[in-house]
>>> print(open('final.txt').read())   # compact mmCIF, C-alpha atoms
# COMPACT_ATOMS: atom_id res chain seq x y z
CA MET A 1 47.94 -27.66 -24.98
CA ARG A 2 44.39 -28.62 -23.86
CA SER A 3 44.63 -26.27 -20.88
CA THR A 4 45.82 -23.40 -23.05
CA VAL A 5 42.99 -23.81 -25.51
CA LEU A 6 40.48 -24.05 -22.67
CA CYS A 7 41.81 -20.91 -21.02
CA SER A 8 41.69 -19.03 -24.30
CA PHE A 9 38.10 -20.14 -24.82
CA VAL A 10 37.11 -19.04 -21.30
CA ALA A 11 38.83 -15.69 -21.78
CA CYS A 12 36.99 -15.08 -25.03
CA LEU A 13 33.71 -16.13 -23.47
CA ALA A 14 34.25 -13.71 -20.60
CA VAL A 15 34.80 -10.88 -23.07
CA LEU A 16 31.60 -11.77 -24.90
CA VAL A 17 29.53 -12.09 -21.74
CA ALA A 18 30.93 -9.07 -19.90
CA PRO A 19 29.06 -6.43 -21.95
CA ALA A 20 25.74 -8.21 -21.32
CA VAL A 21 26.42 -8.31 -17.59
CA ALA A 22 27.43 -4.66 -17.60
CA ARG A 23 24.17 -3.73 -19.31
CA ALA A 24 22.02 -5.54 -16.71
CA ASN A 25 19.78 -3.03 -14.97
CA VAL A 26 18.83 -4.47 -11.60
CA GLY A 27 15.76 -3.39 -9.65
CA VAL A 28 13.82 -4.42 -6.57
CA ALA A 29 10.07 -4.43 -5.97
CA PHE A 30 8.48 -4.40 -2.50
CA VAL A 31 5.13 -6.22 -2.53
CA HIS A 32 2.99 -5.82 0.61
CA GLY A 33 0.69 -8.38 2.21
CA THR A 34 -3.06 -8.42 2.98
CA GLY A 35 -4.67 -5.00 2.96
CA LYS A 36 -5.69 -2.17 0.65
CA GLN A 37 -2.57 -0.05 0.47
CA THR A 38 -2.31 3.49 -0.82
CA ASN A 39 1.00 4.32 0.88
CA ALA A 40 2.71 1.01 1.63
CA LEU A 41 6.07 2.76 1.98
CA ALA A 42 4.92 4.60 5.09
CA ASP A 43 2.16 2.34 6.37
CA TYR A 44 3.48 -1.15 5.67
CA TRP A 45 7.25 -1.28 5.15
CA THR A 46 8.53 2.06 6.53
CA PRO A 47 11.10 4.19 4.66
CA ALA A 48 13.87 2.97 6.99
CA PHE A 49 13.40 -0.62 5.80
CA VAL A 50 13.06 0.17 2.09
CA ASP A 51 15.91 2.67 2.07
CA SER A 52 18.23 0.23 3.81
CA VAL A 53 17.48 -2.64 1.42
CA ARG A 54 17.70 -0.67 -1.82
CA GLN A 55 21.22 0.50 -1.00
CA GLY A 56 22.30 -2.95 -2.16
CA LEU A 57 21.36 -2.09 -5.74
CA PRO A 58 23.93 -0.80 -8.25
CA ASN A 59 21.46 2.06 -8.70
CA PRO A 60 19.46 2.56 -5.47
CA ALA A 61 16.83 4.53 -7.41
CA ASN A 62 15.72 1.35 -9.19
CA TYR A 63 12.99 0.34 -6.77
CA VAL A 64 9.21 0.38 -6.56
CA VAL A 65 6.86 0.02 -3.59
CA ILE A 66 3.61 -1.59 -4.69
CA ASN A 67 0.23 -0.21 -3.60
CA CYS A 68 -2.67 -2.55 -4.42
CA ASP A 69 -5.85 -3.95 -2.93
CA PHE A 70 -4.81 -7.32 -1.54
CA GLU A 71 -8.05 -7.67 0.36
CA GLN A 72 -9.32 -9.29 -2.85
CA TYR A 73 -8.74 -12.80 -4.17
CA MET A 74 -5.21 -13.11 -5.53
CA TRP A 75 -6.32 -13.37 -9.17
CA ASP A 76 -8.61 -10.32 -9.10
CA PRO A 77 -7.83 -7.20 -11.17
CA GLU A 78 -7.38 -5.20 -7.94
CA ALA A 79 -4.79 -7.73 -6.70
CA ALA A 80 -2.74 -9.59 -9.32
CA GLY A 81 -3.95 -7.24 -12.05
CA CYS A 82 -2.84 -4.19 -10.09
CA LEU A 83 0.47 -5.82 -9.22
CA ALA A 84 1.08 -6.74 -12.87
CA GLY A 85 0.33 -3.19 -13.94
CA GLN A 86 2.67 -1.56 -11.44
CA LEU A 87 5.48 -4.06 -12.06
CA THR A 88 5.15 -3.62 -15.82
CA SER A 89 5.28 0.16 -15.46
CA PHE A 90 8.36 -0.12 -13.24
CA ILE A 91 10.13 -2.47 -15.66
CA ASN A 92 9.36 -0.29 -18.68
CA THR A 93 9.98 3.10 -17.09
CA LYS A 94 13.26 2.14 -15.43
CA LYS A 95 14.26 -0.29 -18.20
CA ILE A 96 14.74 -3.03 -15.61
CA THR A 97 16.28 -6.23 -16.98
CA SER A 98 16.66 -8.15 -13.69
CA MET A 99 14.30 -7.75 -10.75
CA VAL A 100 14.26 -9.12 -7.21
CA VAL A 101 10.79 -9.20 -5.68
CA ILE A 102 10.60 -8.84 -1.90
CA THR A 103 7.18 -9.72 -0.60
CA HIS A 104 5.52 -10.34 2.74
CA SER A 105 2.72 -12.60 3.97
CA ASN A 106 -0.23 -12.85 1.53
CA GLY A 107 1.74 -10.89 -1.05
CA GLY A 108 3.60 -14.12 -1.70
CA ASN A 109 0.36 -15.74 -2.86
CA VAL A 110 -0.35 -12.92 -5.33
CA VAL A 111 3.18 -13.18 -6.70
CA ARG A 112 2.85 -16.96 -6.97
CA TRP A 113 -0.38 -16.54 -8.90
CA ILE A 114 1.49 -14.54 -11.55
CA LEU A 115 4.39 -17.01 -11.63
CA SER A 116 2.03 -20.00 -11.86
CA ASN A 117 -0.34 -18.68 -14.52
CA PRO A 118 1.70 -17.08 -17.32
CA THR A 119 -1.13 -17.24 -19.86
CA TYR A 120 -3.73 -15.62 -17.61
CA ASP A 121 -2.61 -12.07 -18.45
CA SER A 122 -0.54 -10.83 -21.38
CA ARG A 123 1.68 -8.86 -18.97
CA TYR A 124 2.71 -11.89 -16.94
CA PRO A 125 5.39 -13.39 -19.26
CA LYS A 126 7.51 -10.24 -19.31
CA ILE A 127 7.27 -9.93 -15.54
CA ILE A 128 8.27 -13.57 -15.06
CA ASN A 129 11.20 -13.24 -17.48
CA THR A 130 12.44 -10.15 -15.63
CA ILE A 131 12.22 -11.61 -12.13
CA ARG A 132 15.53 -12.99 -10.91
CA TRP A 133 14.06 -14.52 -7.77
CA VAL A 134 11.52 -13.83 -5.02
CA ASP A 135 12.43 -13.22 -1.38
CA ALA A 136 9.25 -14.15 0.49
CA LEU A 137 9.14 -12.92 4.08
CA ALA A 138 6.76 -15.05 6.15
CA PRO A 139 4.60 -16.03 3.16
CA SER A 140 1.19 -17.53 3.87
CA SER A 141 1.67 -20.29 1.30
CA LEU A 142 -0.51 -22.88 3.08
CA GLY A 143 -2.88 -20.41 4.74
CA THR A 144 -3.45 -19.96 8.46
CA PRO A 145 -5.86 -21.37 11.07
CA LEU A 146 -6.45 -17.77 12.15
CA ALA A 147 -8.27 -17.16 8.85
CA ASP A 148 -10.42 -20.21 9.62
CA ALA A 149 -11.25 -18.73 13.03
CA THR A 150 -12.07 -15.32 11.59
CA VAL A 151 -14.34 -16.62 8.84
CA SER A 152 -16.13 -19.06 11.14
CA GLY A 153 -17.44 -16.13 13.17
CA ASN A 154 -16.32 -17.47 16.53
CA THR A 155 -15.09 -15.46 19.46
CA PHE A 156 -11.83 -14.61 17.74
CA GLU A 157 -13.40 -12.68 14.89
CA GLN A 158 -13.33 -9.29 16.53
CA SER A 159 -9.92 -9.75 18.11
CA LEU A 160 -8.37 -10.88 14.82
CA GLY A 161 -9.73 -7.98 12.81
CA TRP A 162 -6.66 -5.86 13.47
CA LEU A 163 -4.48 -8.61 12.01
CA LEU A 164 -6.50 -10.00 9.13
CA GLY A 165 -9.37 -7.70 8.30
CA TYR A 166 -12.97 -8.74 8.68
CA LYS A 167 -13.97 -11.59 6.37
CA SER A 168 -12.46 -10.06 3.26
CA GLU A 169 -11.90 -12.19 0.17
CA ALA A 170 -8.20 -12.41 1.06
CA VAL A 171 -9.05 -13.75 4.52
CA THR A 172 -11.45 -16.28 3.04
CA MET A 173 -8.74 -17.30 0.57
CA GLN A 174 -6.16 -17.84 3.31
CA GLN A 175 -8.19 -20.46 5.12
CA THR A 176 -6.12 -23.63 5.19
CA SER A 177 -8.62 -25.71 3.20
CA HIS A 178 -8.94 -23.01 0.55
CA MET A 179 -5.18 -22.64 0.14
CA ALA A 180 -4.88 -26.42 -0.15
CA PHE A 181 -7.35 -26.27 -3.06
CA TYR A 182 -5.55 -23.39 -4.78
CA ASN A 183 -2.16 -25.00 -4.28
CA LYS A 184 -3.41 -28.27 -5.76
CA ASN A 185 -5.11 -26.72 -8.78
CA TYR A 186 -3.78 -23.25 -9.58
CA LEU A 187 -0.47 -22.55 -7.88
CA TYR A 188 3.01 -23.99 -8.36
CA GLY A 189 5.80 -24.51 -5.88
CA THR A 190 4.21 -26.68 -3.17
CA ALA A 191 4.77 -30.39 -2.56
CA GLY A 192 3.67 -32.55 -5.49
CA ARG A 193 3.22 -29.57 -7.80
CA PRO A 194 5.41 -28.25 -10.64
CA ALA A 195 8.25 -25.96 -9.64
CA LEU A 196 7.83 -22.23 -9.98
CA PRO A 197 9.58 -20.68 -13.00
CA ARG A 198 11.59 -18.47 -10.65
CA ASP A 199 13.03 -19.41 -7.27
CA PHE A 200 10.84 -18.52 -4.32
CA TRP A 201 12.92 -18.19 -1.14
CA ALA A 202 11.10 -18.08 2.19
CA VAL A 203 12.25 -16.43 5.42
CA VAL A 204 10.50 -18.18 8.32
CA GLY A 205 9.70 -16.70 11.72
CA THR A 206 9.47 -19.33 14.45
CA ASP A 207 8.25 -17.54 17.58
CA VAL A 208 7.09 -14.26 19.16
CA ASP A 209 8.65 -12.39 22.05
CA SER A 210 6.72 -9.60 23.77
CA SER A 211 8.47 -9.23 27.10
CA PRO A 212 8.29 -5.59 28.21
CA PHE A 213 11.75 -6.00 29.72
CA ASP A 214 13.35 -7.00 26.40
CA SER A 215 14.08 -4.06 24.09
CA ASP A 216 13.97 -6.38 21.07
CA SER A 217 10.26 -6.94 21.70
CA TYR A 218 9.63 -3.35 20.66
CA CYS A 219 11.03 -3.81 17.16
CA GLY A 220 8.12 -3.86 14.73
CA GLY A 221 5.74 -2.42 17.32
CA TYR A 222 5.36 -3.70 20.86
CA SER A 223 1.54 -3.77 20.80
CA LEU A 224 1.60 -5.83 17.60
CA ASN A 225 3.96 -8.33 19.17
CA VAL A 226 1.73 -8.62 22.24
CA GLY A 227 -1.23 -9.39 20.00
CA LEU A 228 0.77 -11.89 17.96
CA GLU A 229 1.92 -13.68 21.07
CA THR A 230 -1.74 -14.03 22.05
CA THR A 231 -2.83 -15.43 18.67
CA GLN A 232 0.14 -17.78 18.74
CA ASN A 233 -1.72 -19.80 21.37
CA TRP A 234 -4.00 -21.14 18.64
CA LEU A 235 -1.16 -22.08 16.30
CA ASP A 236 1.60 -24.67 16.30
CA ASP A 237 4.50 -24.15 18.66
CA CYS A 238 6.55 -23.05 15.65
CA SER A 239 4.84 -19.90 14.37
CA ASP A 240 5.35 -16.16 14.03
CA GLY A 241 2.03 -15.36 15.70
CA PHE A 242 0.12 -15.32 12.41
CA LEU A 243 1.51 -18.18 10.35
CA GLU A 244 2.74 -21.60 11.28
CA CYS A 245 6.25 -22.44 10.10
CA THR A 246 4.90 -25.15 7.80
CA SER A 247 2.83 -22.55 5.96
CA GLN A 248 5.70 -20.10 5.65
CA GLY A 249 7.95 -22.81 4.23
CA GLY A 250 5.21 -24.51 2.22
CA ALA A 251 6.16 -23.18 -1.22
CA GLY A 252 9.50 -22.89 -2.96
CA TYR A 253 12.52 -23.19 -0.68
CA VAL A 254 13.24 -22.19 2.89
CA TRP A 255 16.07 -19.69 2.69
CA LEU A 256 16.40 -18.74 6.36
CA TYR A 257 14.82 -19.38 9.73
CA ASP A 258 15.02 -16.48 12.18
CA SER A 259 17.47 -18.49 14.28
CA ASP A 260 19.89 -18.53 11.31
CA PHE A 261 20.55 -14.79 11.57
CA ALA A 262 18.79 -13.40 14.65
CA GLY A 263 20.42 -15.62 17.24
CA ASP A 264 18.11 -16.11 20.20
CA GLU A 265 15.64 -13.50 18.92
CA PRO A 266 12.56 -14.82 17.10
CA LEU A 267 11.09 -12.92 14.16
CA SER A 268 7.39 -12.23 14.62
CA HIS A 269 5.05 -11.58 11.70
CA ALA A 270 5.24 -7.84 12.40
CA GLN A 271 9.03 -7.88 12.58
CA SER A 272 9.54 -9.64 9.24
CA ARG A 273 8.81 -6.38 7.39
CA ARG A 274 11.00 -4.17 9.52
CA ASN A 275 14.68 -3.49 10.26
CA CYS A 276 14.75 -6.15 12.96
CA PHE A 277 17.83 -8.21 13.87
CA GLY A 278 19.67 -7.48 10.61
CA LEU A 279 16.97 -8.69 8.21
CA ASP A 280 17.29 -5.53 6.13
CA VAL A 281 21.05 -6.08 5.79
CA ILE A 282 20.54 -9.66 4.62
CA LEU A 283 18.09 -8.48 1.98
CA ARG A 284 20.36 -5.59 0.99
CA ASN A 285 23.22 -8.01 0.39
CA ASP A 286 20.90 -10.31 -1.54
CA VAL A 287 19.68 -7.76 -4.07
>>> encode(input="final.txt", output="C-alpha cells")
Amino acid sequence: MRSTVLCSFVACLAVLVAPAVARANVGVAFVHGTGKQTNALADYWTPAFVDSVRQGLPNPANYVVINCDFEQYMWDPEAAGCLAGQLTSFINTKKITSMVVITHSNGGNVVRWILSNPTYDSRYPKIINTIRWVDALAPSSLGTPLADATVSGNTFEQSLGWLLGYKSEAVTMQQTSHMAFYNKNYLYGTAGRPALPRDFWAVVGTDVDSSPFDSDSYCGGYSLNVGLETTQNWLDDCSDGFLECTSQGGAGYVWLYDSDFAGDEPLSHAQSRRNCFGLDVILRNDV
C-alpha cells in the first residue's frame, strides 16, 4: 500500500514538473579572457569551436559570444558592466531560462565578480538566477607569476606582451598578490571564502608540448605553444604555460585535468579554447 501511494505521488509530481522542464530554454554564453575583443568568435574562440559546442543545445541558435574590454579591472563598466549588458540582452532577446557560461582564463575572474557581488549592479541578480553553472577553462583564479614579471618591468616584459598585454589593468589585477587580496575581500569560491551561488567548474591544463614532430603540438597554434613552453620555465612544473595548476583550480571545483580526457596530451593555455583532444565534445555534451 505504501509503495503504491508513493508511486502515485511520484507519477503526479512528474506530470506537474514535466511542463516546466519542457519550457526550459537553454542557452550558452562564451566569455573570452584578457583582451579587448570586437570579434571574439573569429579572433579568440574560432567558429569551429563555438559551432561544435553549441550543437549540444536543444536549440543551437541559443548562444552568444561576448565581446568586451577585459584589459580593464574586472569590476569596470567596460569589463563586468559590458558582460552584464550583453548577457542581459541575450537572456531577454532569446528568452533564456537556463544558461551555461563557458569562459577562459581571466574571463573567469570577471564572471566570478558578477557571481560574488549581486548587489553591485541591478542586472546581476537576473544573470545569476539564469546561470546553471560555469565551465571555466584554465581560469586565472589565483593570478599568475607571469603578471608579476610583466608589471615589474624586468626582462620578460617585452616577451610576455604577446601573451598578457603590456601593463594593462587586467595584467596588474592578475598579479598573485593582487588576486589574493581580491579573493580574500571581494570574490567568492576560493579556500576560506563563501561558496559561489552557482557551481564554477574548472578545466586544468597541466603541461605544454611544442615538439615539431608531434602533430598535436600544432593544435591551438604551434607558435603559441612554443612561446608557452618557454614561459613555463618560470612557473611550477604543473602549468599550462600561462597559469599554474593551483591557480586554475583555485576557485570552485576542479572538473577535469587534461589527463582525464586527453590521455598523454597536455592542454596548453592556447589549446584550452580550441577543438583540441575532444575538449569541444566534452563541453558540447555538458551544455
>>> closest_residue(input="final.txt", among="A:Pro197, A:Pro212, A:Gly278, A:Gly227", to="Trp133 of chain A", atoms="all atoms listed in the file")
A:Pro197
>>> closest_residue(input="final.txt", among="A:Asn183, A:Thr130, A:Gln55, A:Ser210", to="Thr88 of chain A", atoms="all atoms listed in the file")
A:Thr130
>>> residues_around(input="final.txt", residues="segment 235-244 of chain A", least_positions_apart="5", cutoff="8 Å", atoms="only C-alpha atoms", output="PyMOL selection string")
chain A and resi 138+140+143-146+204-208+228-230+266-269
>>> closest_atom_pairs(input="final.txt", of="segment 63-168 of chain A", to="segment 245-252 of chain A", cutoff="12 Å", atoms="all atoms listed in the file", output="JSON lines")
{"residue": "A:His104", "atom": "CA", "partner": "A:Gln248", "partner_atom": "CA", "distance": 10.2}
{"residue": "A:Ser105", "atom": "CA", "partner": "A:Gln248", "partner_atom": "CA", "distance": 8.2}
{"residue": "A:Asn106", "atom": "CA", "partner": "A:Gln248", "partner_atom": "CA", "distance": 10.2}
{"residue": "A:Gly108", "atom": "CA", "partner": "A:Ala251", "partner_atom": "CA", "distance": 9.4}
{"residue": "A:Asn109", "atom": "CA", "partner": "A:Ala251", "partner_atom": "CA", "distance": 9.6}
{"residue": "A:Val111", "atom": "CA", "partner": "A:Ala251", "partner_atom": "CA", "distance": 11.8}
{"residue": "A:Arg112", "atom": "CA", "partner": "A:Ala251", "partner_atom": "CA", "distance": 9.1}
{"residue": "A:Leu115", "atom": "CA", "partner": "A:Gly252", "partner_atom": "CA", "distance": 11.7}
{"residue": "A:Ser116", "atom": "CA", "partner": "A:Ala251", "partner_atom": "CA", "distance": 11.8}
{"residue": "A:Trp133", "atom": "CA", "partner": "A:Gly252", "partner_atom": "CA", "distance": 10.7}
{"residue": "A:Val134", "atom": "CA", "partner": "A:Gly252", "partner_atom": "CA", "distance": 9.5}
{"residue": "A:Asp135", "atom": "CA", "partner": "A:Gly252", "partner_atom": "CA", "distance": 10.2}
{"residue": "A:Ala136", "atom": "CA", "partner": "A:Gln248", "partner_atom": "CA", "distance": 8.6}
{"residue": "A:Leu137", "atom": "CA", "partner": "A:Gln248", "partner_atom": "CA", "distance": 8.1}
{"residue": "A:Ala138", "atom": "CA", "partner": "A:Gln248", "partner_atom": "CA", "distance": 5.2}
{"residue": "A:Pro139", "atom": "CA", "partner": "A:Gln248", "partner_atom": "CA", "distance": 4.9}
{"residue": "A:Ser140", "atom": "CA", "partner": "A:Gln248", "partner_atom": "CA", "distance": 5.5}
{"residue": "A:Ser141", "atom": "CA", "partner": "A:Ser247", "partner_atom": "CA", "distance": 5.3}
{"residue": "A:Leu142", "atom": "CA", "partner": "A:Ser247", "partner_atom": "CA", "distance": 4.4}
{"residue": "A:Gly143", "atom": "CA", "partner": "A:Ser247", "partner_atom": "CA", "distance": 6.2}
{"residue": "A:Thr144", "atom": "CA", "partner": "A:Ser247", "partner_atom": "CA", "distance": 7.2}
{"residue": "A:Pro145", "atom": "CA", "partner": "A:Ser247", "partner_atom": "CA", "distance": 10.1}
>>> atom_distance(input="final.txt", atom1="atom CA of Glu78 of chain A", atom2="atom CA of Val110 of chain A")
10.8 Å
>>> residues_around(input="final.txt", residues="Ile128 of chain A", least_positions_apart="6", cutoff="12 Å", atoms="all atoms listed in the file", output="list in words")
Ala84, Leu87, Thr88, Ile91, Thr97, Ser98, Met99, Val100, Val101, Val111, Arg112, Trp113, Ile114, Leu115, Ser116, Asn117, Pro118, Thr119, Asp121, Ser122, Val134, Leu196, Pro197, Arg198 and Asp199 of chain A
>>> atom_distance(input="final.txt", atom1="atom CA of Pro77 of chain A", atom2="atom CA of Thr150 of chain A")
24.5 Å
>>> atom_distance(input="final.txt", atom1="atom CA of Thr103 of chain A", atom2="atom CA of Trp234 of chain A")
25.0 Å
>>> residues_around(input="final.txt", residues="segment 272-277 of chain A", least_positions_apart="3", cutoff="6 Å", atoms="only C-alpha atoms", output="list in words")
Trp45, Phe49, Gly220, Ala262, His269 and Asp280 of chain A
>>> residues_around(input="final.txt", residues="Arg284 of chain A", least_positions_apart="5", cutoff="7 Å", atoms="all atoms listed in the file", output="count of residues only")
5
